[in-house]
$ cat final_13.pdb   # PDB, C-alpha atoms and all ligand atoms
ATOM      1  CA  MET A   1     100.312  43.827  54.111
ATOM      2  CA  VAL A   2     102.057  47.088  55.031
ATOM      3  CA  GLU A   3     100.375  50.199  53.625
ATOM      4  CA  PHE A   4     101.720  53.566  52.517
ATOM      5  CA  GLY A   5      99.924  56.295  50.651
ATOM      6  CA  LEU A   6      99.407  59.804  49.426
ATOM      7  CA  VAL A   7      97.185  62.266  51.300
ATOM      8  CA  GLY A   8      95.863  65.150  49.207
ATOM      9  CA  LYS A   9      92.842  66.384  47.302
ATOM     10  CA  GLY A  10      92.117  65.576  43.646
ATOM     11  CA  ILE A  11      95.075  63.191  43.428
ATOM     12  CA  SER A  12      93.823  60.530  41.016
ATOM     13  CA  HIS A  13      96.567  61.416  38.486
ATOM     14  CA  SER A  14      99.406  61.420  41.013
ATOM     15  CA  PHE A  15     102.852  60.067  40.175
ATOM     16  CA  SER A  16     103.571  58.627  43.636
ATOM     17  CA  ALA A  17     101.398  55.469  43.571
ATOM     18  CA  ASP A  18     103.071  54.149  40.403
ATOM     19  CA  PHE A  19     106.545  55.104  41.671
ATOM     20  CA  PHE A  20     106.220  53.361  45.053
ATOM     21  CA  ASN A  21     104.185  50.322  43.924
ATOM     22  CA  ASP A  22     106.756  49.686  41.207
ATOM     23  CA  LYS A  23     109.548  49.818  43.830
ATOM     24  CA  TYR A  24     107.697  47.404  46.156
ATOM     25  CA  ARG A  25     107.217  44.962  43.261
ATOM     26  CA  ARG A  26     110.855  45.139  42.162
ATOM     27  CA  GLN A  27     112.126  44.687  45.717
ATOM     28  CA  GLY A  28     109.629  41.908  46.510
ATOM     29  CA  LEU A  29     108.147  43.847  49.460
ATOM     30  CA  ASP A  30     104.727  42.948  50.849
ATOM     31  CA  ALA A  31     103.510  46.554  50.695
ATOM     32  CA  VAL A  32     101.017  48.661  48.786
ATOM     33  CA  TYR A  33     100.772  52.403  48.122
ATOM     34  CA  LEU A  34      97.271  53.894  48.014
ATOM     35  CA  ASN A  35      95.769  57.302  47.223
ATOM     36  CA  PHE A  36      93.846  58.873  50.125
ATOM     37  CA  ASP A  37      91.806  61.683  48.586
ATOM     38  CA  LEU A  38      90.556  63.677  51.588
ATOM     39  CA  GLU A  39      87.828  66.286  51.245
ATOM     40  CA  ASP A  40      89.208  67.923  54.406
ATOM     41  CA  ILE A  41      92.404  67.376  56.434
ATOM     42  CA  SER A  42      90.270  66.988  59.594
ATOM     43  CA  LEU A  43      89.530  63.464  58.269
ATOM     44  CA  LEU A  44      93.189  62.436  58.789
ATOM     45  CA  PRO A  45      92.915  60.991  62.354
ATOM     46  CA  ALA A  46      89.947  58.821  61.289
ATOM     47  CA  LEU A  47      91.927  57.590  58.284
ATOM     48  CA  ILE A  48      94.945  56.630  60.404
ATOM     49  CA  GLY A  49      92.736  55.079  63.065
ATOM     50  CA  SER A  50      90.911  52.931  60.517
ATOM     51  CA  ARG A  51      94.072  51.632  58.782
ATOM     52  CA  PRO A  52      96.260  49.865  61.372
ATOM     53  CA  ASP A  53      98.724  48.773  58.665
ATOM     54  CA  LEU A  54      99.389  52.330  57.431
ATOM     55  CA  LYS A  55     103.080  53.036  58.182
ATOM     56  CA  GLY A  56     103.490  56.366  56.450
ATOM     57  CA  PHE A  57     102.290  58.691  53.751
ATOM     58  CA  ASN A  58     103.276  61.506  51.451
ATOM     59  CA  VAL A  59     101.340  64.748  51.660
ATOM     60  CA  THR A  60     100.517  66.895  48.675
ATOM     61  CA  SER A  61      98.525  69.992  47.801
ATOM     62  CA  PRO A  62      96.581  71.473  49.517
ATOM     63  CA  TYR A  63      97.596  69.896  52.846
ATOM     64  CA  LYS A  64     101.377  70.403  53.175
ATOM     65  CA  ARG A  65     100.816  73.148  55.751
ATOM     66  CA  GLU A  66      97.410  72.097  57.052
ATOM     67  CA  VAL A  67      98.751  68.698  58.141
ATOM     68  CA  ILE A  68     101.143  70.226  60.685
ATOM     69  CA  PRO A  69      98.701  70.588  63.634
ATOM     70  CA  PHE A  70      98.133  66.810  63.457
ATOM     71  CA  LEU A  71     101.843  65.944  63.823
ATOM     72  CA  ASP A  72     103.832  65.112  66.971
ATOM     73  CA  TYR A  73     107.303  65.836  65.573
ATOM     74  CA  LEU A  74     108.689  68.054  62.793
ATOM     75  CA  SER A  75     112.144  67.693  61.272
ATOM     76  CA  PRO A  76     114.175  70.923  61.445
ATOM     77  CA  ALA A  77     113.626  71.618  57.716
ATOM     78  CA  ALA A  78     109.881  70.968  57.942
ATOM     79  CA  ALA A  79     109.656  73.229  61.002
ATOM     80  CA  ARG A  80     111.557  76.012  59.270
ATOM     81  CA  LEU A  81     109.480  75.718  56.100
ATOM     82  CA  GLN A  82     106.192  75.037  57.893
ATOM     83  CA  ALA A  83     105.534  72.516  55.112
ATOM     84  CA  VAL A  84     105.491  68.710  55.304
ATOM     85  CA  ASN A  85     105.407  66.266  52.412
ATOM     86  CA  VAL A  86     106.332  63.019  54.207
ATOM     87  CA  VAL A  87     104.788  61.630  57.403
ATOM     88  CA  LYS A  88     105.997  58.511  59.159
ATOM     89  CA  VAL A  89     103.388  56.755  61.342
ATOM     90  CA  VAL A  90     105.012  55.130  64.375
ATOM     91  CA  ARG A  91     102.605  52.692  66.047
ATOM     92  CA  ASN A  92     104.687  50.088  67.791
ATOM     93  CA  SER A  93     105.497  51.121  71.357
ATOM     94  CA  SER A  94     108.979  49.599  71.031
ATOM     95  CA  ASP A  95     109.566  51.817  67.941
ATOM     96  CA  LEU A  96     108.524  54.826  69.998
ATOM     97  CA  GLY A  97     111.441  54.470  72.393
ATOM     98  CA  SER A  98     111.364  57.291  74.894
ATOM     99  CA  LEU A  99     108.828  59.339  72.903
ATOM    100  CA  LYS A 100     105.461  59.632  74.578
ATOM    101  CA  PRO A 101     102.556  59.716  72.126
ATOM    102  CA  GLY A 102     100.046  60.904  74.719
ATOM    103  CA  HIS A 103      96.522  59.578  74.330
ATOM    104  CA  LYS A 104      96.964  58.280  70.789
ATOM    105  CA  ASP A 105      98.303  54.836  69.931
ATOM    106  CA  TYR A 106     100.428  56.295  67.156
ATOM    107  CA  PHE A 107     102.973  59.060  66.739
ATOM    108  CA  LEU A 108     103.261  61.157  63.550
ATOM    109  CA  MET A 109     106.657  62.436  62.368
ATOM    110  CA  GLY A 110     106.751  65.078  59.604
ATOM    111  CA  TYR A 111     109.562  65.727  57.115
ATOM    112  CA  ASN A 112     110.180  67.855  54.028
ATOM    113  CA  THR A 113     111.954  66.262  51.073
ATOM    114  CA  ASP A 114     110.905  68.917  48.504
ATOM    115  CA  SER A 115     113.702  71.243  49.556
ATOM    116  CA  PRO A 116     116.593  68.740  49.307
ATOM    117  CA  GLY A 117     114.879  67.260  46.224
ATOM    118  CA  PHE A 118     115.177  70.650  44.527
ATOM    119  CA  GLY A 119     118.624  71.324  46.012
ATOM    120  CA  LEU A 120     120.048  68.144  44.479
ATOM    121  CA  THR A 121     119.120  69.422  41.002
ATOM    122  CA  LEU A 122     120.914  72.753  41.473
ATOM    123  CA  PRO A 123     124.660  72.057  40.925
ATOM    124  CA  PRO A 124     124.501  71.490  37.128
ATOM    125  CA  VAL A 125     122.073  74.395  36.724
ATOM    126  CA  LEU A 126     124.348  76.787  38.634
ATOM    127  CA  GLU A 127     127.495  75.451  36.985
ATOM    128  CA  ALA A 128     126.027  76.124  33.530
ATOM    129  CA  MET A 129     124.998  79.619  34.608
ATOM    130  CA  CYS A 130     128.481  80.494  35.853
ATOM    131  CA  SER A 131     130.354  79.008  32.886
ATOM    132  CA  SER A 132     131.281  82.367  31.361
ATOM    133  CA  PRO A 133     133.338  84.916  33.323
ATOM    134  CA  ASP A 134     131.364  87.678  31.512
ATOM    135  CA  LEU A 135     128.196  86.669  33.320
ATOM    136  CA  PRO A 136     127.259  88.171  36.690
ATOM    137  CA  GLY A 137     126.681  85.875  39.697
ATOM    138  CA  VAL A 138     123.379  84.061  39.967
ATOM    139  CA  SER A 139     120.370  85.591  41.726
ATOM    140  CA  ALA A 140     116.920  84.053  41.554
ATOM    141  CA  LEU A 141     113.255  84.990  41.351
ATOM    142  CA  ILE A 142     110.803  82.499  42.864
ATOM    143  CA  LEU A 143     107.255  82.824  41.505
ATOM    144  CA  GLY A 144     104.757  82.009  44.269
ATOM    145  CA  THR A 145     104.870  82.026  48.055
ATOM    146  CA  GLY A 146     103.475  78.602  48.996
ATOM    147  CA  GLY A 147     105.154  75.529  50.482
ATOM    148  CA  ALA A 148     107.045  74.670  47.290
ATOM    149  CA  ALA A 149     108.333  78.239  47.002
ATOM    150  CA  SER A 150     109.630  78.128  50.599
ATOM    151  CA  ALA A 151     111.323  74.784  49.885
ATOM    152  CA  VAL A 152     113.071  76.308  46.852
ATOM    153  CA  GLY A 153     114.104  79.341  48.922
ATOM    154  CA  LEU A 154     115.715  77.147  51.589
ATOM    155  CA  ALA A 155     117.648  75.137  48.996
ATOM    156  CA  LEU A 156     118.816  78.311  47.238
ATOM    157  CA  SER A 157     119.971  79.887  50.491
ATOM    158  CA  GLU A 158     121.897  76.682  51.315
ATOM    159  CA  ALA A 159     123.525  76.969  47.858
ATOM    160  CA  GLY A 160     124.394  80.629  48.520
ATOM    161  CA  VAL A 161     122.061  81.981  45.836
ATOM    162  CA  PRO A 162     120.211  85.212  46.765
ATOM    163  CA  TYR A 163     116.531  85.223  45.815
ATOM    164  CA  ILE A 164     113.320  87.256  45.880
ATOM    165  CA  PHE A 165     109.830  85.793  46.071
ATOM    166  CA  VAL A 166     107.285  87.113  43.564
ATOM    167  CA  SER A 167     103.695  87.315  44.774
ATOM    168  CA  ARG A 168     100.336  88.595  43.567
ATOM    169  CA  THR A 169      99.894  90.114  47.049
ATOM    170  CA  PRO A 170     103.431  90.808  48.332
ATOM    171  CA  SER A 171     102.378  92.968  51.268
ATOM    172  CA  VAL A 172     100.821  90.096  53.186
ATOM    173  CA  LYS A 173     103.380  87.353  52.499
ATOM    174  CA  MET A 174     106.538  85.779  53.929
ATOM    175  CA  ALA A 175     107.567  87.735  57.011
ATOM    176  CA  GLY A 176     111.312  88.385  57.038
ATOM    177  CA  GLU A 177     111.800  87.503  53.343
ATOM    178  CA  SER A 178     112.191  89.713  50.258
ATOM    179  CA  VAL A 179     108.957  89.695  48.296
ATOM    180  CA  CYS A 180     108.110  91.740  45.211
ATOM    181  CA  CYS A 181     105.154  91.870  42.857
ATOM    182  CA  TYR A 182     104.880  90.807  39.220
ATOM    183  CA  THR A 183     104.962  94.423  38.020
ATOM    184  CA  ASP A 184     108.497  94.775  39.491
ATOM    185  CA  LEU A 185     109.881  92.105  37.176
ATOM    186  CA  SER A 186     110.677  94.448  34.264
ATOM    187  CA  GLU A 187     113.393  95.927  36.457
ATOM    188  CA  LEU A 188     114.538  92.722  38.128
ATOM    189  CA  LEU A 189     114.889  90.279  35.238
ATOM    190  CA  ASP A 190     118.172  91.727  34.011
ATOM    191  CA  SER A 191     119.924  91.049  37.326
ATOM    192  CA  HIS A 192     118.034  87.832  38.262
ATOM    193  CA  ARG A 193     118.932  85.152  35.764
ATOM    194  CA  LEU A 194     117.315  82.140  37.440
ATOM    195  CA  VAL A 195     113.484  82.200  37.381
ATOM    196  CA  VAL A 196     111.725  79.387  39.251
ATOM    197  CA  ASN A 197     107.998  78.863  38.803
ATOM    198  CA  ALA A 198     106.828  77.561  42.188
ATOM    199  CA  SER A 199     103.184  78.408  41.482
ATOM    200  CA  PRO A 200     100.679  75.908  40.065
ATOM    201  CA  VAL A 201     100.080  78.146  37.023
ATOM    202  CA  GLY A 202     100.326  76.043  33.847
ATOM    203  CA  MET A 203      99.849  72.680  35.536
ATOM    204  CA  PHE A 204      97.576  70.074  33.904
ATOM    205  CA  PRO A 205      94.708  70.563  33.080
ATOM    206  CA  ASN A 206      95.298  74.357  32.918
ATOM    207  CA  VAL A 207      98.046  74.000  30.327
ATOM    208  CA  GLU A 208      97.074  77.177  28.434
ATOM    209  CA  SER A 209      98.097  79.456  31.316
ATOM    210  CA  ALA A 210     101.553  80.793  32.172
ATOM    211  CA  PRO A 211     102.921  83.022  34.942
ATOM    212  CA  ASP A 212     102.429  86.704  34.161
ATOM    213  CA  ILE A 213     106.050  87.784  33.600
ATOM    214  CA  PRO A 214     107.612  89.960  30.835
ATOM    215  CA  TYR A 215     108.875  87.079  28.663
ATOM    216  CA  HIS A 216     110.378  89.487  26.080
ATOM    217  CA  LEU A 217     113.073  90.370  28.681
ATOM    218  CA  LEU A 218     114.316  86.762  28.917
ATOM    219  CA  SER A 219     117.423  85.792  26.961
ATOM    220  CA  SER A 220     120.058  83.075  26.661
ATOM    221  CA  ARG A 221     121.532  84.399  29.948
ATOM    222  CA  HIS A 222     118.485  83.082  31.815
ATOM    223  CA  VAL A 223     117.486  79.681  33.146
ATOM    224  CA  CYS A 224     113.755  79.147  33.650
ATOM    225  CA  TYR A 225     112.924  76.282  36.004
ATOM    226  CA  ASP A 226     109.350  75.053  36.384
ATOM    227  CA  LEU A 227     108.565  72.810  39.372
ATOM    228  CA  ILE A 228     105.636  71.485  37.333
ATOM    229  CA  TYR A 229     106.292  68.121  35.645
ATOM    230  CA  ASN A 230     102.881  67.627  34.022
ATOM    231  CA  PRO A 231     102.968  68.729  31.244
ATOM    232  CA  PRO A 232     106.734  68.140  30.808
ATOM    233  CA  GLU A 233     107.022  71.440  28.929
ATOM    234  CA  THR A 234     104.675  74.067  30.327
ATOM    235  CA  LEU A 235     103.711  77.215  28.457
ATOM    236  CA  PHE A 236     106.141  79.048  30.822
ATOM    237  CA  LEU A 237     109.015  76.862  29.590
ATOM    238  CA  GLN A 238     107.888  77.101  25.939
ATOM    239  CA  ARG A 239     107.811  80.895  26.084
ATOM    240  CA  ALA A 240     111.162  81.052  27.895
ATOM    241  CA  LYS A 241     112.753  78.694  25.364
ATOM    242  CA  ALA A 242     111.434  80.838  22.498
ATOM    243  CA  GLN A 243     113.482  83.715  23.992
ATOM    244  CA  GLY A 244     116.637  81.566  24.055
ATOM    245  CA  ALA A 245     116.535  80.791  27.818
ATOM    246  CA  LYS A 246     117.582  77.364  29.078
ATOM    247  CA  THR A 247     114.745  75.405  30.665
ATOM    248  CA  VAL A 248     114.374  72.759  33.391
ATOM    249  CA  ASN A 249     111.153  71.000  34.408
ATOM    250  CA  GLY A 250     110.154  69.485  37.774
ATOM    251  CA  MET A 251     110.679  65.811  36.927
ATOM    252  CA  GLU A 252     114.161  65.408  38.439
ATOM    253  CA  MET A 253     113.082  67.197  41.624
ATOM    254  CA  LEU A 254     110.039  64.923  41.773
ATOM    255  CA  LEU A 255     112.185  61.790  41.514
ATOM    256  CA  ASN A 256     114.658  63.126  44.102
ATOM    257  CA  GLN A 257     111.971  63.992  46.654
ATOM    258  CA  ALA A 258     110.357  60.570  46.144
ATOM    259  CA  GLU A 259     113.697  58.736  46.638
ATOM    260  CA  LEU A 260     114.323  60.759  49.820
ATOM    261  CA  ALA A 261     110.769  59.949  51.007
ATOM    262  CA  TRP A 262     111.477  56.280  50.291
ATOM    263  CA  ASP A 263     114.482  56.419  52.619
ATOM    264  CA  ILE A 264     112.346  57.921  55.404
ATOM    265  CA  LEU A 265     109.382  55.579  54.978
ATOM    266  CA  SER A 266     111.292  52.395  54.176
ATOM    267  CA  ILE A 267     110.173  49.404  56.165
TER     268      ILE A 267
HETATM  269  P1  LIG B   1     100.212  76.257  46.148
HETATM  270  O1  LIG B   1     100.443  76.400  47.615
HETATM  271  O2  LIG B   1      98.870  75.871  45.640
HETATM  272  O3  LIG B   1     100.618  77.627  45.394
HETATM  273  C1  LIG B   1     101.869  78.226  45.533
HETATM  274  C2  LIG B   1     101.779  79.713  45.313
HETATM  275  O4  LIG B   1     101.525  79.987  43.954
HETATM  276  C3  LIG B   1     100.666  80.407  46.068
HETATM  277  O5  LIG B   1     101.059  80.650  47.383
HETATM  278  C4  LIG B   1     100.462  81.681  45.249
HETATM  279  O6  LIG B   1     101.365  82.703  45.685
HETATM  280  C5  LIG B   1     100.851  81.239  43.838
HETATM  281  N1  LIG B   1      99.652  81.028  43.034
HETATM  282  C6  LIG B   1      98.650  80.159  43.267
HETATM  283  N2  LIG B   1      97.707  80.259  42.312
HETATM  284  C7  LIG B   1      98.120  81.228  41.466
HETATM  285  C8  LIG B   1      97.586  81.829  40.292
HETATM  286  N3  LIG B   1      96.414  81.433  39.793
HETATM  287  N4  LIG B   1      98.301  82.805  39.677
HETATM  288  C9  LIG B   1      99.509  83.205  40.171
HETATM  289  N5  LIG B   1     100.061  82.676  41.294
HETATM  290  C10 LIG B   1      99.377  81.706  41.922
HETATM  291  O7  LIG B   1     101.228  75.203  45.528
HETATM  292  P2  LIG B   1     102.542  74.496  46.131
HETATM  293  O8  LIG B   1     102.159  73.302  46.904
HETATM  294  O9  LIG B   1     103.433  75.502  46.759
HETATM  295  O10 LIG B   1     103.173  73.940  44.752
HETATM  296  C11 LIG B   1     103.468  74.826  43.686
HETATM  297  C12 LIG B   1     103.795  74.040  42.435
HETATM  298  O11 LIG B   1     104.972  73.276  42.625
HETATM  299  C13 LIG B   1     102.703  73.053  42.005
HETATM  300  O12 LIG B   1     102.571  73.084  40.609
HETATM  301  C14 LIG B   1     103.266  71.709  42.429
HETATM  302  O13 LIG B   1     102.811  70.638  41.621
HETATM  303  C15 LIG B   1     104.747  71.941  42.191
HETATM  304  N6  LIG B   1     105.600  71.046  43.004
HETATM  305  C16 LIG B   1     106.448  70.238  42.339
HETATM  306  C17 LIG B   1     107.284  69.408  43.065
HETATM  307  C18 LIG B   1     108.232  68.495  42.345
HETATM  308  O14 LIG B   1     108.762  67.579  42.976
HETATM  309  N7  LIG B   1     108.502  68.741  41.067
HETATM  310  C19 LIG B   1     107.248  69.400  44.460
HETATM  311  C20 LIG B   1     106.371  70.277  45.112
HETATM  312  C21 LIG B   1     105.536  71.107  44.359
HETATM  313  P3  LIG B   1     100.846  84.243  45.770
HETATM  314  O15 LIG B   1      99.457  84.176  46.333
HETATM  315  O16 LIG B   1     101.810  84.869  46.731
HETATM  316  O17 LIG B   1     100.893  84.807  44.407
END

$ encode --input "final_13.pdb" --output "structure tokens"
Amino acid sequence: MVEFGLVGKGISHSFSADFFNDKYRRQGLDAVYLNFDLEDISLLPALIGSRPDLKGFNVTSPYKREVIPFLDYLSPAAARLQAVNVVKVVRNSSDLGSLKPGHKDYFLMGYNTDSPGFGLTLPPVLEAMCSSPDLPGVSALILGTGGAASAVGLALSEAGVPYIFVSRTPSVKMAGESVCCYTDLSELLDSHRLVVNASPVGMFPNVESAPDIPYHLLSSRHVCYDLIYNPPETLFLQRAKAQGAKTVNGMEMLLNQAELAWDILSI
């Protein structure tokens, strides 16, 4: 039986296994999707070596960047973002074509589907934000500077939306990008109407926490978008909604990135 899986840490509650196993069942495929909870990413080669039927895997926190040194190829988006969430394992020498895997008997190809997964959700969000001629153009604030934040930044730049990253330690982050700190937000929220939480703050089980932003400055002119999908309505979204802002959670992005991963990994 062909195997796929999810590589991460603390992933027992992940969405991916149910999503992919359900697809295999419905399509009558002889495949299974397993969780590979690794204490350290250095265990990856042993995992791949011990599972000859493993054809590919998704990568989640905290290994989206750490997995890169183990890969033989990066898609242009993954290389630009330095973040990978899908890895295809090529084992069959005829599949390898002209690619030379060196001393290994497999070749690992890394992709990023988070960025297009987010990008596909943007058109209705931006359309709604531009519906009134009285409103200024859309600029965004991205909370966090990790792999998900970079993926959001790439999608926003492709959509022509200017953005600023917001970091707890802006001085050491994101060379070549605009980064501010949370204390700057009082001045920026008026002109930046799209606020994307790309930090893990508020994610299950820490549902009582919310990003440290001045919520009283949010209004019906704002859209607050949380990449988190568990819980479906984070404290960030609840507080934004209480101010009249429109809210979007991470479920549609999650489904999009999984469908795109399916296309890459499909047997
Ligand atoms: P990450 O690398 O763990 O964290 C992202 C950034 O968040 C960090 O670089 C940090 O930026 C900030 N941060 C971390 N802990 C914080 C804290 N306690 N307080 C304030 N800021 C904090 O996570 P990630 O992999 O980029 O993912 C971020 C979120 O997106 C997660 O909740 C993940 O589940 C979600 N996600 C959703 C989807 C989807 O399909 N819906 C896809 C990918 C990711 P600074 O140090 O610069 O402040």

$ resolve_selection --input "final_13.pdb" --expression "the PyMOL selection byres (((chain A and resi 70) around 12) and not hetatm)" --output "short mmCIF file (atom, residue, chain, number, x, y, z; two decimals) with C-alpha atoms, keeping the file's coordinate frame"
data_model
loop_
_atom_site.label_atom_id
_atom_site.label_comp_id
_atom_site.auth_asym_id
_atom_site.auth_seq_id
_atom_site.Cartn_x
_atom_site.Cartn_y
_atom_site.Cartn_z
CA ILE A 41 92.40 67.38 56.43
CA SER A 42 90.27 66.99 59.59
CA LEU A 43 89.53 63.46 58.27
CA LEU A 44 93.19 62.44 58.79
CA PRO A 45 92.92 60.99 62.35
CA ALA A 46 89.95 58.82 61.29
CA ILE A 48 94.94 56.63 60.40
CA TYR A 63 97.60 69.90 52.85
CA LYS A 64 101.38 70.40 53.18
CA ARG A 65 100.82 73.15 55.75
CA GLU A 66 97.41 72.10 57.05
CA VAL A 67 98.75 68.70 58.14
CA ILE A 68 101.14 70.23 60.68
CA PRO A 69 98.70 70.59 63.63
CA LEU A 71 101.84 65.94 63.82
CA ASP A 72 103.83 65.11 66.97
CA TYR A 73 107.30 65.84 65.57
CA LEU A 74 108.69 68.05 62.79
CA VAL A 84 105.49 68.71 55.30
CA VAL A 87 104.79 61.63 57.40
CA VAL A 89 103.39 56.76 61.34
CA LYS A 104 96.96 58.28 70.79
CA TYR A 106 100.43 56.30 67.16
CA PHE A 107 102.97 59.06 66.74
CA LEU A 108 103.26 61.16 63.55
CA MET A 109 106.66 62.44 62.37
CA GLY A 110 106.75 65.08 59.60
#

$ closest_residue --input "final_13.pdb" --among "A:Phe57, A:Phe4, A:Tyr225, A:Tyr182" --to "A:Leu237" --atoms "all atoms listed in the file"
A:Tyr225

$ residues_near_ligand --input "final_13.pdb" --ligand "ligand LIG 1 (chain B)" --cutoff "7 Å" --atoms "only C-alpha atoms and all ligand atoms" --output "PyMOL selection string"
chain A and resi 60-62+64+114+117+143-149+166-170+173+198-201+203+211+227-229+250-251+253-255+257

$ write_last_selection --input "final_13.pdb" --atoms "C-alpha atoms" --output "PDB file, in the frame of the given file"
ATOM      1  CA  THR A  60     100.517  66.895  48.675  1.00  0.00           C
ATOM      2  CA  SER A  61      98.525  69.992  47.801  1.00  0.00           C
ATOM      3  CA  PRO A  62      96.581  71.473  49.517  1.00  0.00           C
ATOM      4  CA  LYS A  64     101.377  70.403  53.175  1.00  0.00           C
ATOM      5  CA  ASP A 114     110.905  68.917  48.504  1.00  0.00           C
ATOM      6  CA  GLY A 117     114.879  67.260  46.224  1.00  0.00           C
ATOM      7  CA  LEU A 143     107.255  82.824  41.505  1.00  0.00           C
ATOM      8  CA  GLY A 144     104.757  82.009  44.269  1.00  0.00           C
ATOM      9  CA  THR A 145     104.870  82.026  48.055  1.00  0.00           C
ATOM     10  CA  GLY A 146     103.475  78.602  48.996  1.00  0.00           C
ATOM     11  CA  GLY A 147     105.154  75.529  50.482  1.00  0.00           C
ATOM     12  CA  ALA A 148     107.045  74.670  47.290  1.00  0.00           C
ATOM     13  CA  ALA A 149     108.333  78.239  47.002  1.00  0.00           C
ATOM     14  CA  VAL A 166     107.285  87.113  43.564  1.00  0.00           C
ATOM     15  CA  SER A 167     103.695  87.315  44.774  1.00  0.00           C
ATOM     16  CA  ARG A 168     100.336  88.595  43.567  1.00  0.00           C
ATOM     17  CA  THR A 169      99.894  90.114  47.049  1.00  0.00           C
ATOM     18  CA  PRO A 170     103.431  90.808  48.332  1.00  0.00           C
ATOM     19  CA  LYS A 173     103.380  87.353  52.499  1.00  0.00           C
ATOM     20  CA  ALA A 198     106.828  77.561  42.188  1.00  0.00           C
ATOM     21  CA  SER A 199     103.184  78.408  41.482  1.00  0.00           C
ATOM     22  CA  PRO A 200     100.679  75.908  40.065  1.00  0.00           C
ATOM     23  CA  VAL A 201     100.080  78.146  37.023  1.00  0.00           C
ATOM     24  CA  MET A 203      99.849  72.680  35.536  1.00  0.00           C
ATOM     25  CA  PRO A 211     102.921  83.022  34.942  1.00  0.00           C
ATOM     26  CA  LEU A 227     108.565  72.810  39.372  1.00  0.00           C
ATOM     27  CA  ILE A 228     105.636  71.485  37.333  1.00  0.00           C
ATOM     28  CA  TYR A 229     106.292  68.121  35.645  1.00  0.00           C
ATOM     29  CA  GLY A 250     110.154  69.485  37.774  1.00  0.00           C
ATOM     30  CA  MET A 251     110.679  65.811  36.927  1.00  0.00           C
ATOM     31  CA  MET A 253     113.082  67.197  41.624  1.00  0.00           C
ATOM     32  CA  LEU A 254     110.039  64.923  41.773  1.00  0.00           C
ATOM     33  CA  LEU A 255     112.185  61.790  41.514  1.00  0.00           C
ATOM     34  CA  GLN A 257     111.971  63.992  46.654  1.00  0.00           C
TER      35      GLN A 257
END

$ axis_aligned_box --input "final_13.pdb" --around "stretch 15-20 of chain A" --padding-each-side "5 Å" --output "AutoDock Vina command-line options"
--center_x 104.0 --center_y 56.7 --center_z 42.6 --size_x 15.1 --size_y 16.7 --size_z 14.9

$ residues_around --input "final_13.pdb" --residues "A:Asn85" --least-positions-apart "3" --cutoff "7 Å" --atoms "all atoms listed in the file" --output "list of chain:residue names"
A:Asn58, A:Val59, A:Thr60, A:Lys64, A:Tyr111, A:Asn112, A:Thr113

$ closest_residue --input "final_13.pdb" --among "A:Ala242, A:Leu235, A:Val7, A:Leu154" --to "A:His216" --atoms "all atoms listed in the file"
A:Ala242

$ resolve_selection --input "final_13.pdb" --expression "the PyMOL selection byres (((chain A and resi 223) around 6) and not hetatm)" --output "mmCIF file with C-alpha atoms, in the coordinates of the input"
data_model
loop_
_atom_site.group_PDB
_atom_site.id
_atom_site.type_symbol
_atom_site.label_atom_id
_atom_site.label_comp_id
_atom_site.auth_asym_id
_atom_site.auth_seq_id
_atom_site.Cartn_x
_atom_site.Cartn_y
_atom_site.Cartn_z
ATOM 1 C CA LEU A 194 117.315 82.140 37.440
ATOM 2 C CA HIS A 222 118.485 83.082 31.815
ATOM 3 C CA CYS A 224 113.755 79.147 33.650
ATOM 4 C CA ALA A 245 116.535 80.791 27.818
ATOM 5 C CA LYS A 246 117.582 77.364 29.078
ATOM 6 C CA THR A 247 114.745 75.405 30.665
#

$ atom_distance --input "final_13.pdb" --atom1 "atom CA of A:Leu6" --atom2 "atom CA of A:Leu38"
9.9 Å

$ atom_distance --input "final_13.pdb" --atom1 "atom CA of A:Val179" --atom2 "atom CA of A:Ile142"
9.2 Å

$ atom_distance --input "final_13.pdb" --atom1 "atom CA of A:Asp263" --atom2 "atom CA of A:Val86"
10.6 Å

$ closest_residue --input "final_13.pdb" --among "A:Pro76, A:Gly119, A:Gly28, A:Gly137" --to "A:Pro162" --atoms "only C-alpha atoms"
A:Gly137

$ closest_residue --input "final_13.pdb" --among "A:Ser191, A:Ser12, A:Ser178, A:Asn206" --to "A:Pro231" --atoms "all atoms listed in the file"
A:Asn206

$ closest_residue --input "final_13.pdb" --among "A:Leu34, A:Leu126, A:Val2, A:Leu54" --to "A:Val161" --atoms "all atoms listed in the file"
A:Leu126

$ closest_residue --input "final_13.pdb" --among "A:His13, A:Pro205, A:Arg221, A:Asn256" --to "A:Cys130" --atoms "only C-alpha atoms"
A:Arg221

$ residues_near_point --input "final_13.pdb" --point "(119.0, 84.3, 41.0)" --cutoff "7 Å" --atoms "all atoms listed in the file" --output "PDB file with C-alpha atoms, in the frame of the given file"
ATOM      1  CA  VAL A 138     123.379  84.061  39.967  1.00  0.00           C
ATOM      2  CA  SER A 139     120.370  85.591  41.726  1.00  0.00           C
ATOM      3  CA  ALA A 140     116.920  84.053  41.554  1.00  0.00           C
ATOM      4  CA  LEU A 141     113.255  84.990  41.351  1.00  0.00           C
ATOM      5  CA  VAL A 161     122.061  81.981  45.836  1.00  0.00           C
ATOM      6  CA  PRO A 162     120.211  85.212  46.765  1.00  0.00           C
ATOM      7  CA  TYR A 163     116.531  85.223  45.815  1.00  0.00           C
ATOM      8  CA  HIS A 192     118.034  87.832  38.262  1.00  0.00           C
ATOM      9  CA  ARG A 193     118.932  85.152  35.764  1.00  0.00           C
ATOM     10  CA  LEU A 194     117.315  82.140  37.440  1.00  0.00           C
ATOM     11  CA  VAL A 195     113.484  82.200  37.381  1.00  0.00           C
TER      12      VAL A 195
END
